[in-house]
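Asker: Handing over input.pdb, PDB, C-alpha atoms and all ligand atoms.
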ATOM      1  CA  MET A 186     -27.749   4.792   4.271
ATOM      2  CA  ASN A 187     -28.127   3.003   7.656
ATOM      3  CA  SER A 188     -31.167   4.036   9.533
ATOM      4  CA  GLY A 189     -30.354   5.621  12.873
ATOM      5  CA  ARG A 190     -26.944   6.459  14.134
ATOM      6  CA  THR A 191     -23.677   5.505  12.540
ATOM      7  CA  LEU A 192     -20.822   4.075  14.557
ATOM      8  CA  LEU A 193     -17.603   5.514  13.176
ATOM      9  CA  SER A 194     -14.267   3.969  14.148
ATOM     10  CA  ILE A 195     -11.132   6.050  13.748
ATOM     11  CA  VAL A 196      -7.916   4.045  13.644
ATOM     12  CA  SER A 197      -4.647   5.890  14.036
ATOM     13  CA  PRO A 198      -1.170   4.438  14.596
ATOM     14  CA  MET A 199       1.412   6.254  16.700
ATOM     15  CA  TRP A 200       5.057   5.576  17.058
ATOM     16  CA  ASN A 201       7.022   8.074  19.129
ATOM     17  CA  GLU A 202       4.567  10.870  18.428
ATOM     18  CA  GLU A 203       4.867  12.706  21.763
ATOM     19  CA  GLU A 204       5.234  15.987  19.908
ATOM     20  CA  SER A 205       2.103  15.716  17.811
ATOM     21  CA  ALA A 206      -0.161  13.369  19.807
ATOM     22  CA  ASP A 207      -1.939  16.114  21.783
ATOM     23  CA  ALA A 208      -2.477  18.401  18.824
ATOM     24  CA  PHE A 209      -3.746  15.535  16.710
ATOM     25  CA  LEU A 210      -6.174  14.265  19.335
ATOM     26  CA  GLN A 211      -7.437  17.772  20.009
ATOM     27  CA  GLU A 212      -8.161  18.345  16.342
ATOM     28  CA  LEU A 213      -9.591  14.865  15.840
ATOM     29  CA  THR A 214     -11.937  15.020  18.818
ATOM     30  CA  ARG A 215     -12.999  18.536  17.865
ATOM     31  CA  GLN A 216     -13.982  17.291  14.412
ATOM     32  CA  VAL A 217     -15.728  14.097  15.483
ATOM     33  CA  ASP A 218     -17.668  15.848  18.236
ATOM     34  CA  LEU A 219     -19.272  17.998  15.552
ATOM     35  CA  LEU A 220     -20.545  15.054  13.527
ATOM     36  CA  PRO A 221     -24.321  14.711  13.616
ATOM     37  CA  ASP A 222     -25.989  11.300  14.170
ATOM     38  CA  THR A 223     -22.652   9.628  14.667
ATOM     39  CA  ASP A 224     -21.162   7.725  17.568
ATOM     40  CA  VAL A 225     -17.418   7.507  17.546
ATOM     41  CA  GLU A 226     -14.878   4.955  18.645
ATOM     42  CA  ILE A 227     -11.290   6.229  18.521
ATOM     43  CA  LEU A 228      -8.686   3.481  18.439
ATOM     44  CA  ILE A 229      -5.134   4.698  18.811
ATOM     45  CA  VAL A 230      -2.566   2.014  18.208
ATOM     46  CA  ASN A 231       0.597   2.684  20.178
ATOM     47  CA  ASP A 232       3.147   0.893  18.032
ATOM     48  CA  GLY A 233       5.758   0.296  20.735
ATOM     49  CA  SER A 234       6.588   3.969  21.366
ATOM     50  CA  ALA A 235       9.658   4.530  23.501
ATOM     51  CA  ASP A 236       8.857   8.166  24.337
ATOM     52  CA  ARG A 237       5.971   9.768  26.267
ATOM     53  CA  THR A 238       3.325   8.823  23.691
ATOM     54  CA  GLY A 239       1.964   6.084  25.984
ATOM     55  CA  GLU A 240       1.470   8.486  28.927
ATOM     56  CA  ILE A 241      -0.200  11.090  26.743
ATOM     57  CA  LEU A 242      -2.557   8.470  25.357
ATOM     58  CA  ASP A 243      -3.409   7.137  28.812
ATOM     59  CA  SER A 244      -4.416  10.572  29.990
ATOM     60  CA  TRP A 245      -6.655  11.005  26.940
ATOM     61  CA  ALA A 246      -8.206   7.576  27.497
ATOM     62  CA  GLN A 247      -9.039   8.567  31.076
ATOM     63  CA  ARG A 248     -10.770  11.702  29.909
ATOM     64  CA  ARG A 249     -12.676  10.262  26.969
ATOM     65  CA  SER A 250     -14.635   7.056  27.206
ATOM     66  CA  ASP A 251     -14.793   6.770  23.415
ATOM     67  CA  LEU A 252     -10.998   6.621  23.113
ATOM     68  CA  THR A 253      -9.208   3.289  23.432
ATOM     69  CA  VAL A 254      -5.496   2.674  23.275
ATOM     70  CA  LEU A 255      -4.179  -0.552  21.810
ATOM     71  CA  SER A 256      -0.589  -0.987  22.891
ATOM     72  CA  LEU A 257       1.526  -3.268  20.777
ATOM     73  CA  SER A 258       4.271  -5.122  22.642
ATOM     74  CA  ARG A 259       6.973  -3.592  20.448
ATOM     75  CA  ASN A 260       7.319  -1.607  17.262
ATOM     76  CA  PHE A 261       5.686  -3.767  14.607
ATOM     77  CA  GLY A 262       5.530  -1.087  11.929
ATOM     78  CA  HIS A 263       2.852   1.084  10.394
ATOM     79  CA  GLN A 264       1.057  -1.602   8.378
ATOM     80  CA  ALA A 265       0.839  -4.034  11.291
ATOM     81  CA  ALA A 266      -0.345  -1.234  13.572
ATOM     82  CA  ILE A 267      -3.101  -0.230  11.163
ATOM     83  CA  THR A 268      -4.126  -3.862  10.802
ATOM     84  CA  ALA A 269      -4.337  -4.251  14.575
ATOM     85  CA  GLY A 270      -6.608  -1.209  14.757
ATOM     86  CA  VAL A 271      -8.824  -2.138  11.817
ATOM     87  CA  PHE A 272      -9.271  -5.679  13.139
ATOM     88  CA  SER A 273     -10.321  -4.349  16.549
ATOM     89  CA  ALA A 274     -12.680  -1.725  15.181
ATOM     90  CA  THR A 275     -16.380  -2.395  15.592
ATOM     91  CA  GLY A 276     -17.785   0.533  13.611
ATOM     92  CA  ASP A 277     -20.139   0.483  10.632
ATOM     93  CA  VAL A 278     -17.435   2.462   8.974
ATOM     94  CA  VAL A 279     -13.710   2.710   9.724
ATOM     95  CA  ILE A 280     -11.354   5.569   8.895
ATOM     96  CA  VAL A 281      -7.592   5.020   9.032
ATOM     97  CA  MET A 282      -5.421   8.105   9.404
ATOM     98  CA  ASP A 283      -1.879   9.063  10.400
ATOM     99  CA  SER A 284      -1.458  10.850  13.690
ATOM    100  CA  ASP A 285       0.828  13.680  12.609
ATOM    101  CA  LEU A 286      -1.978  15.819  11.124
ATOM    102  CA  GLN A 287      -0.757  15.114   7.596
ATOM    103  CA  ASP A 288      -4.092  13.375   7.135
ATOM    104  CA  PRO A 289      -6.419  16.219   8.168
ATOM    105  CA  PRO A 290      -9.354  15.238  10.415
ATOM    106  CA  GLU A 291     -11.385  17.996   8.746
ATOM    107  CA  LEU A 292     -11.848  15.644   5.759
ATOM    108  CA  ILE A 293     -13.853  13.186   7.872
ATOM    109  CA  PRO A 294     -17.265  14.756   7.122
ATOM    110  CA  ALA A 295     -16.571  14.712   3.363
ATOM    111  CA  MET A 296     -15.525  11.058   3.559
ATOM    112  CA  LEU A 297     -18.684  10.144   5.458
ATOM    113  CA  GLU A 298     -20.728  12.048   2.911
ATOM    114  CA  LYS A 299     -19.291   9.972   0.076
ATOM    115  CA  TRP A 300     -19.920   6.800   2.049
ATOM    116  CA  ARG A 301     -23.530   7.811   2.682
ATOM    117  CA  SER A 302     -24.030   8.358  -1.015
ATOM    118  CA  GLY A 303     -22.823   4.891  -1.909
ATOM    119  CA  ALA A 304     -19.030   4.534  -1.731
ATOM    120  CA  ASP A 305     -17.634   1.556   0.182
ATOM    121  CA  VAL A 306     -14.092   2.933   0.172
ATOM    122  CA  VAL A 307     -13.136   6.600   0.090
ATOM    123  CA  TYR A 308      -9.394   7.027  -0.407
ATOM    124  CA  ALA A 309      -7.665  10.345   0.025
ATOM    125  CA  VAL A 310      -5.457  11.340  -2.882
ATOM    126  CA  ARG A 311      -2.630  13.801  -2.313
ATOM    127  CA  LYS A 312      -2.804  16.650  -4.771
ATOM    128  CA  GLU A 313       0.156  18.406  -3.308
ATOM    129  CA  ARG A 314       2.701  17.291  -0.768
ATOM    130  CA  ARG A 315       3.993  20.174   1.235
ATOM    131  CA  GLY A 316       7.037  20.018   3.449
ATOM    132  CA  GLU A 317       8.386  16.825   1.997
ATOM    133  CA  SER A 318      11.771  16.643   0.324
ATOM    134  CA  ALA A 319      11.995  16.592  -3.457
ATOM    135  CA  PHE A 320      13.603  13.173  -3.067
ATOM    136  CA  LYS A 321      10.635  11.760  -1.155
ATOM    137  CA  ARG A 322       8.108  13.290  -3.547
ATOM    138  CA  GLY A 323      10.035  12.080  -6.582
ATOM    139  CA  THR A 324      10.580   8.536  -5.385
ATOM    140  CA  ALA A 325       7.001   8.233  -4.113
ATOM    141  CA  SER A 326       5.543   9.444  -7.372
ATOM    142  CA  ALA A 327       7.794   7.175  -9.474
ATOM    143  CA  TYR A 328       7.049   4.229  -7.214
ATOM    144  CA  TYR A 329       3.267   4.581  -7.397
ATOM    145  CA  ARG A 330       3.429   4.745 -11.169
ATOM    146  CA  LEU A 331       5.755   1.741 -11.394
ATOM    147  CA  LEU A 332       3.440  -0.217  -9.107
ATOM    148  CA  ARG A 333       0.404   0.685 -11.187
ATOM    149  CA  TRP A 334       2.174  -0.476 -14.334
ATOM    150  CA  MET A 335       3.336  -3.701 -12.697
ATOM    151  CA  SER A 336       0.165  -4.700 -10.962
ATOM    152  CA  ASP A 337      -3.131  -6.047 -12.243
ATOM    153  CA  THR A 338      -4.796  -4.607  -9.155
ATOM    154  CA  ASP A 339      -5.949  -1.045  -9.670
ATOM    155  CA  ILE A 340      -3.928   0.523  -6.844
ATOM    156  CA  PRO A 341      -4.517   4.294  -6.913
ATOM    157  CA  ALA A 342      -1.448   6.533  -7.242
ATOM    158  CA  ASP A 343      -0.483   9.178  -4.655
ATOM    159  CA  THR A 344      -2.658   7.530  -2.044
ATOM    160  CA  GLY A 345      -1.484   6.524   1.394
ATOM    161  CA  ASP A 346      -3.453   4.652   3.994
ATOM    162  CA  PHE A 347      -5.791   7.551   4.749
ATOM    163  CA  ARG A 348      -9.145   6.111   3.795
ATOM    164  CA  LEU A 349     -12.627   5.248   4.846
ATOM    165  CA  MET A 350     -13.813   1.652   4.617
ATOM    166  CA  SER A 351     -17.262   0.222   5.109
ATOM    167  CA  ARG A 352     -17.849  -2.740   7.421
ATOM    168  CA  GLU A 353     -18.115  -5.024   4.385
ATOM    169  CA  VAL A 354     -14.681  -3.943   3.168
ATOM    170  CA  VAL A 355     -13.200  -4.460   6.636
ATOM    171  CA  GLU A 356     -14.645  -7.977   6.730
ATOM    172  CA  ALA A 357     -13.166  -8.641   3.285
ATOM    173  CA  LEU A 358      -9.748  -7.514   4.592
ATOM    174  CA  ARG A 359     -10.131  -9.865   7.516
ATOM    175  CA  SER A 360     -10.635 -12.723   5.078
ATOM    176  CA  MET A 361      -7.139 -12.122   3.669
ATOM    177  CA  PRO A 362      -4.723 -13.854   6.054
ATOM    178  CA  GLU A 363      -1.495 -12.908   4.235
ATOM    179  CA  ARG A 364       1.332 -11.829   6.509
ATOM    180  CA  ASP A 365       3.090  -9.227   4.391
ATOM    181  CA  ARG A 366       0.287  -6.707   4.451
ATOM    182  CA  TYR A 367       0.385  -3.857   1.970
ATOM    183  CA  MET A 368      -2.871  -2.308   3.062
ATOM    184  CA  ARG A 369      -3.422   0.143   0.241
ATOM    185  CA  GLY A 370      -3.038  -2.711  -2.260
ATOM    186  CA  MET A 371      -5.274  -5.043  -0.289
ATOM    187  CA  VAL A 372      -8.060  -2.503  -0.054
ATOM    188  CA  ALA A 373      -7.846  -1.928  -3.805
ATOM    189  CA  TRP A 374      -7.870  -5.686  -4.370
ATOM    190  CA  VAL A 375     -11.133  -6.326  -2.500
ATOM    191  CA  GLY A 376     -13.109  -4.262  -4.993
ATOM    192  CA  PHE A 377     -16.489  -2.683  -4.108
ATOM    193  CA  THR A 378     -17.167   0.942  -4.947
ATOM    194  CA  GLN A 379     -14.009   2.979  -4.386
ATOM    195  CA  GLU A 380     -13.980   6.734  -4.679
ATOM    196  CA  PRO A 381     -11.148   9.267  -4.460
ATOM    197  CA  LEU A 382     -11.201  12.399  -2.347
ATOM    198  CA  TYR A 383      -8.549  14.954  -3.305
ATOM    199  CA  PHE A 384      -6.686  17.004  -0.732
ATOM    200  CA  ASP A 385      -3.495  18.977  -0.245
ATOM    201  CA  ARG A 386      -1.207  17.156   2.119
ATOM    202  CA  SER A 387       0.352  19.514   4.587
ATOM    203  CA  GLU A 388       3.534  19.218   6.546
ATOM    204  CA  ARG A 389       3.965  16.969   9.504
ATOM    205  CA  PHE A 390       2.720  18.870  12.577
ATOM    206  CA  ALA A 391       5.870  18.176  14.615
ATOM    207  CA  GLY A 392       8.743  15.765  14.836
ATOM    208  CA  THR A 393      10.326  13.950  11.939
ATOM    209  CA  THR A 394       9.149  11.186   9.655
ATOM    210  CA  LYS A 395       8.894   7.792  11.306
ATOM    211  CA  TYR A 396       9.365   6.107   7.958
ATOM    212  CA  SER A 397      13.066   5.412   7.692
ATOM    213  CA  MET A 398      14.547   4.594   4.308
ATOM    214  CA  LYS A 399      14.661   0.960   5.379
ATOM    215  CA  LYS A 400      10.966   0.938   6.275
ATOM    216  CA  MET A 401      10.091   2.656   3.025
ATOM    217  CA  ILE A 402      11.999   0.098   0.974
ATOM    218  CA  LYS A 403      10.312  -2.700   2.912
ATOM    219  CA  LEU A 404       6.891  -1.219   2.248
ATOM    220  CA  GLY A 405       7.661  -0.673  -1.424
ATOM    221  CA  THR A 406       8.877  -4.234  -1.818
ATOM    222  CA  ALA A 407       5.770  -5.590  -0.098
ATOM    223  CA  GLY A 408       3.626  -3.696  -2.602
ATOM    224  CA  ILE A 409       5.394  -5.081  -5.640
ATOM    225  CA  LEU A 410       5.836  -8.618  -4.339
ATOM    226  CA  GLY A 411       2.281  -8.871  -3.084
ATOM    227  CA  PHE A 412       0.595  -7.454  -6.145
ATOM    228  CA  SER A 413       2.702  -8.216  -9.186
ATOM    229  CA  ASP A 414       4.417 -11.126 -10.898
ATOM    230  CA  LYS A 415       5.409  -9.002 -13.852
ATOM    231  CA  PRO A 416       9.175  -9.117 -13.079
ATOM    232  CA  LEU A 417       9.056 -12.871 -13.708
ATOM    233  CA  TYR A 418       7.413 -12.446 -17.082
ATOM    234  CA  LEU A 419       9.984  -9.743 -17.833
ATOM    235  CA  ALA A 420      12.703 -12.356 -17.197
ATOM    236  CA  VAL A 421      11.087 -14.746 -19.665
ATOM    237  CA  ALA A 422      10.525 -11.988 -22.207
ATOM    238  CA  SER A 423      14.091 -10.711 -21.995
ATOM    239  CA  GLY A 424      15.301 -14.317 -22.366
ATOM    240  CA  PHE A 425      13.412 -14.585 -25.628
ATOM    241  CA  ILE A 426      14.779 -11.248 -26.800
ATOM    242  CA  VAL A 427      18.378 -12.328 -26.092
ATOM    243  CA  MET A 428      17.694 -15.621 -27.862
ATOM    244  CA  GLY A 429      16.342 -13.731 -30.866
ATOM    245  CA  VAL A 430      19.477 -11.589 -30.968
ATOM    246  CA  ALA A 431      21.610 -14.760 -30.801
ATOM    247  CA  PHE A 432      19.729 -16.229 -33.766
ATOM    248  CA  LEU A 433      20.103 -13.052 -35.805
ATOM    249  CA  GLY A 434      23.806 -13.109 -34.960
ATOM    250  CA  LEU A 435      24.000 -16.715 -36.089
ATOM    251  CA  ILE A 436      22.397 -15.910 -39.435
ATOM    252  CA  TRP A 437      24.732 -12.957 -39.939
ATOM    253  CA  VAL A 438      27.802 -15.089 -39.131
ATOM    254  CA  LEU A 439      26.686 -17.873 -41.477
ATOM    255  CA  LEU A 440      25.968 -15.452 -44.299
ATOM    256  CA  SER A 441      29.239 -13.586 -43.842
ATOM    257  CA  SER A 442      31.229 -16.803 -43.868
ATOM    258  CA  ILE A 443      29.413 -17.982 -47.017
ATOM    259  CA  PHE A 444      29.775 -14.677 -48.850
ATOM    260  CA  GLY A 445      33.072 -13.651 -47.275
ATOM    261  CA  TRP A 446      31.800 -10.339 -45.766
ATOM    262  CA  GLY A 447      34.156  -8.505 -43.460
ATOM    263  CA  ASP A 448      37.049 -10.288 -41.832
ATOM    264  CA  LEU A 449      35.692 -12.354 -38.981
ATOM    265  CA  VAL A 450      38.063 -13.731 -36.392
ATOM    266  CA  ARG A 451      37.494 -17.473 -36.531
ATOM    267  CA  GLY A 452      35.907 -18.966 -33.405
ATOM    268  CA  TRP A 453      34.745 -15.659 -31.987
ATOM    269  CA  ALA A 454      31.207 -15.953 -33.281
ATOM    270  CA  SER A 455      30.629 -19.513 -32.157
ATOM    271  CA  ILE A 456      31.727 -18.724 -28.592
ATOM    272  CA  ALA A 457      29.817 -15.450 -28.354
ATOM    273  CA  LEU A 458      26.646 -16.943 -29.752
ATOM    274  CA  ILE A 459      26.815 -20.065 -27.592
ATOM    275  CA  VAL A 460      27.228 -17.885 -24.484
ATOM    276  CA  MET A 461      24.294 -15.727 -25.548
ATOM    277  CA  PHE A 462      22.101 -18.674 -26.409
ATOM    278  CA  PHE A 463      22.615 -20.420 -23.083
ATOM    279  CA  ALA A 464      22.244 -17.178 -21.155
ATOM    280  CA  ALA A 465      18.889 -16.781 -22.876
ATOM    281  CA  VAL A 466      17.851 -20.362 -22.085
ATOM    282  CA  GLN A 467      18.762 -19.824 -18.437
ATOM    283  CA  LEU A 468      16.912 -16.537 -18.261
ATOM    284  CA  ILE A 469      13.782 -18.099 -19.708
ATOM    285  CA  PHE A 470      13.843 -21.043 -17.330
ATOM    286  CA  LEU A 471      14.607 -18.847 -14.320
ATOM    287  CA  GLY A 472      11.489 -16.924 -15.254
ATOM    288  CA  VAL A 473       9.508 -20.143 -15.632
ATOM    289  CA  ILE A 474      10.652 -21.378 -12.213
ATOM    290  CA  GLY A 475       9.822 -17.956 -10.837
ATOM    291  CA  ILE A 476       6.318 -18.144 -12.241
ATOM    292  CA  TYR A 477       5.798 -21.497 -10.496
ATOM    293  CA  ILE A 478       7.069 -19.994  -7.249
ATOM    294  CA  SER A 479       4.722 -17.070  -7.708
ATOM    295  CA  HIS A 480       1.840 -19.524  -8.007
ATOM    296  CA  VAL A 481       2.946 -21.208  -4.789
ATOM    297  CA  PHE A 482       3.048 -17.730  -3.241
ATOM    298  CA  THR A 483      -0.469 -17.020  -4.468
ATOM    299  CA  GLU A 484      -1.664 -20.252  -2.866
ATOM    300  CA  THR A 485       0.039 -19.475   0.445
ATOM    301  CA  LYS A 486      -1.515 -16.002   0.562
ATOM    302  CA  GLN A 487      -4.891 -17.747   0.759
ATOM    303  CA  ARG A 488      -6.798 -14.766  -0.480
ATOM    304  CA  PRO A 489     -10.472 -15.527  -1.051
ATOM    305  CA  LEU A 490     -11.323 -16.628  -4.587
ATOM    306  CA  PHE A 491     -14.027 -14.005  -4.794
ATOM    307  CA  ILE A 492     -15.947 -11.673  -2.520
ATOM    308  CA  ILE A 493     -19.697 -11.286  -2.737
ATOM    309  CA  ARG A 494     -21.187  -7.917  -1.984
ATOM    310  CA  ASN A 495     -24.443  -7.669  -0.092
ATOM    311  CA  PRO A 496     -27.156  -5.447  -1.475
ATOM    312  CA  ARG A 497     -27.260  -2.110   0.294
ATOM    313  CA  GLN A 498     -30.123  -1.562   2.693
TER     314      GLN A 498
HETATM  315  N1  LIG B 501       4.039   4.794  12.403
HETATM  316  C1  LIG B 501       3.861   3.668  13.196
HETATM  317  N2  LIG B 501       4.857   2.724  13.247
HETATM  318  C2  LIG B 501       5.999   2.843  12.521
HETATM  319  C3  LIG B 501       6.151   3.983  11.680
HETATM  320  C4  LIG B 501       5.165   4.934  11.656
HETATM  321  O1  LIG B 501       2.823   3.516  13.849
HETATM  322  O2  LIG B 501       6.850   1.960  12.619
HETATM  323  C5  LIG B 501       2.966   5.797  12.351
HETATM  324  C6  LIG B 501       3.390   7.220  12.662
HETATM  325  O3  LIG B 501       3.281   7.490  14.035
HETATM  326  C7  LIG B 501       2.404   8.036  11.828
HETATM  327  C8  LIG B 501       2.125   7.139  10.646
HETATM  328  O4  LIG B 501       2.518   5.824  11.030
HETATM  329  O5  LIG B 501       1.180   8.240  12.495
HETATM  330  C9  LIG B 501       2.861   7.563   9.399
HETATM  331  O6  LIG B 501       4.228   7.764   9.674
HETATM  332  P1  LIG B 501       5.005   9.061   9.184
HETATM  333  O7  LIG B 501       4.142  10.256   9.347
HETATM  334  O8  LIG B 501       6.307   9.114   9.884
HETATM  335  O9  LIG B 501       5.214   8.732   7.661
HETATM  336  P2  LIG B 501       5.298   9.795   6.464
HETATM  337  O10 LIG B 501       4.073  10.663   6.565
HETATM  338  O11 LIG B 501       6.548  10.552   6.665
HETATM  339  O12 LIG B 501       5.311   8.937   5.236
HETATM  340 MG    MG B 502       3.488  11.670   8.183
END
When written as structure tokens, how does the structure in this file appear?
Answerer:
Amino acid sequence: MNSGRTLLSIVSPMWNEEESADAFLQELTRQVDLLPDTDVEILIVNDGSADRTGEILDSWAQRRSDLTVLSLSRNFGHQAAITAGVFSATGDVVIVMDSDLQDPPELIPAMLEKWRSGADVVYAVRKERRGESAFKRGTASAYYRLLRWMSDTDIPADTGDFRLMSREVVEALRSMPERDRYMRGMVAWVGFTQEPLYFDRSERFAGTTKYSMKKMIKLGTAGILGFSDKPLYLAVASGFIVMGVAFLGLIWVLLSSIFGWGDLVRGWASIALIVMFFAAVQLIFLGVIGIYISHVFTETKQRPLFIIRNPRQ
């Protein structure tokens, strides 16, 4: 689309990746050096690594003028690291990828191709996930589906942060100042033309996952909290259901005392139904309060009201 050369920024976070850093950078640079009509800016975000990652990166930065290392002052986590990289990127197009070769650099040309033919976002969808435990695959798959059901934003399933974004999309992300950043949701939220690219996700090249259970739960919570207020409406809805059951119970008790059905223990029904009724009232109003809080939350996120897309040159 752009006349002349494209500036491609590659953003990749690393936290204690001494075992895979070299292999990743070799493969990445091999791929980007083959790209025609493209200048490249490689931004590696060192997310407070405590191992030799920093030294390895420094030696690469000395050898390649197109490789820059952003060193965070401590471990801020994957999402913050990606954000740091994307915000520093100057390219016409930015690709975010993990640095353990699970996001294969050989997909870069296909992503660029889709961008050139009109996509603003190209997100990589995992067809298969090799080398990951059944537990991780199961929970990830269930989570993505739950999130899709809960959220009004069309967040694609089985998609990590491996994606290409146009400059316009990056600027849109910059206009979202929220602190709890669930990037894959935010990119979906900004709109534009988003296209999937399917791939088989291979095993981590070396080392173990840097996503502890705690980090995964934090990320999952950020996704649901940032992109859904459905749980609050579920509270209100279940309150109404419980109230309905209490009313049906009331009718049954009245009828059975009028017509003498069964042998009811006196006093039981009134207590049970009163407890149910007030539980329902509380549930409904907790939901209502929650909905107000969610509106306050929406205001504090300060997302833009709308984003205008520029016509493509
Ligand atoms: N990562 C990071 N900071 C963290 C955790 C992970 O920068 O606190 C990086 C990590 O180096 C890798 C990417 O984020 O490049 C994804 O992490 P990982 O491969 O461990 O996650 P998984 O593929 O197991 O979900
Ligand atoms: Mg990985």
Asker: Take the PyMOL selection byres (((chain A and resi 395-410) around 10) and not hetatm), run it mentally on this structure, and tell me the resulting residues as a PyMOL selection string.
Answerer: chain A and resi 199-202+262-264+321+325+328-329+331-333+335-336+340+365-371+392-394+411-416+479+482
Asker: List the spatial neighbours of Leu297 in chain A as number ranges by chain - criterion: any atom at most 12 Å away, all atoms listed in the file, same-chain residues fewer than 3 positions off excluded.
Answerer: A: 186, 191-195, 217, 220-223, 277-280, 290-294, 300-308, 348-351, 380, 382
Asker: Tell me which protein, DNA and RNA residues are within 8 Å of range 452-466 of chain A, counting all atoms listed in the file, leaving out same-chain ones fewer than 6 positions away, and put them as a list in words.
Answerer: Ser423, Gly424, Phe425, Ile426, Val427, Met428, Ala431, Gly434, Leu435 and Val438 of chain A
Asker: Mind giving me the straight-line distance from atom N1 of ligand LIG 501 (chain B) to CA of Asp224 in chain A in Å, one decimal?
Answerer: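 Here the two named atoms are 25.9 Å from each other.
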Asker: If the box runs along x, y and z of the file and leaves 8 Å on each side of ligand LIG 501 (chain B), what are its centre and edge lengths in Å, one decimal, as lines of an AutoDock Vina configuration file?
Answerer:
center_x = 4.0
center_y = 6.3
center_z = 9.6
size_x = 21.7
size_y = 24.7
size_z = 24.8
Asker: Which protein, DNA or RNA residues have an atom within 10 Å of ligand MG 502 (chain B), counting all atoms listed in the file, as a list of chain:residue names?
Answerer: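 Listed by chain and ascending number, the contacts are A:Met282, A:Asp283, A:Ser284, A:Asp285, A:Leu286, A:Gln287, A:Asp288, A:Glu317, A:Gly345, A:Arg386, A:Ser387, A:Glu388, A:Arg389, A:Phe390, A:Ala391, A:Gly392, A:Thr393, A:Thr394, A:Lys395, A:Tyr396.
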Asker: Figure out the distance between CA of Phe347 in chain A and CA of Ser205 in chain A, please, to one decimal in Å.
Answerer: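 Computed distance, CA of Ser205 in chain A to CA of Phe347 in chain A, equals 17.3 Å.
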Asker: Tell me which of A:Ala206, A:Val375, A:Ile478, A:Val230 sits closest to Trp245 in chain A, counting all atoms listed in the file.
Answerer: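 Ranked by minimum distance to Trp245 in chain A, first place goes to A:Ala206.
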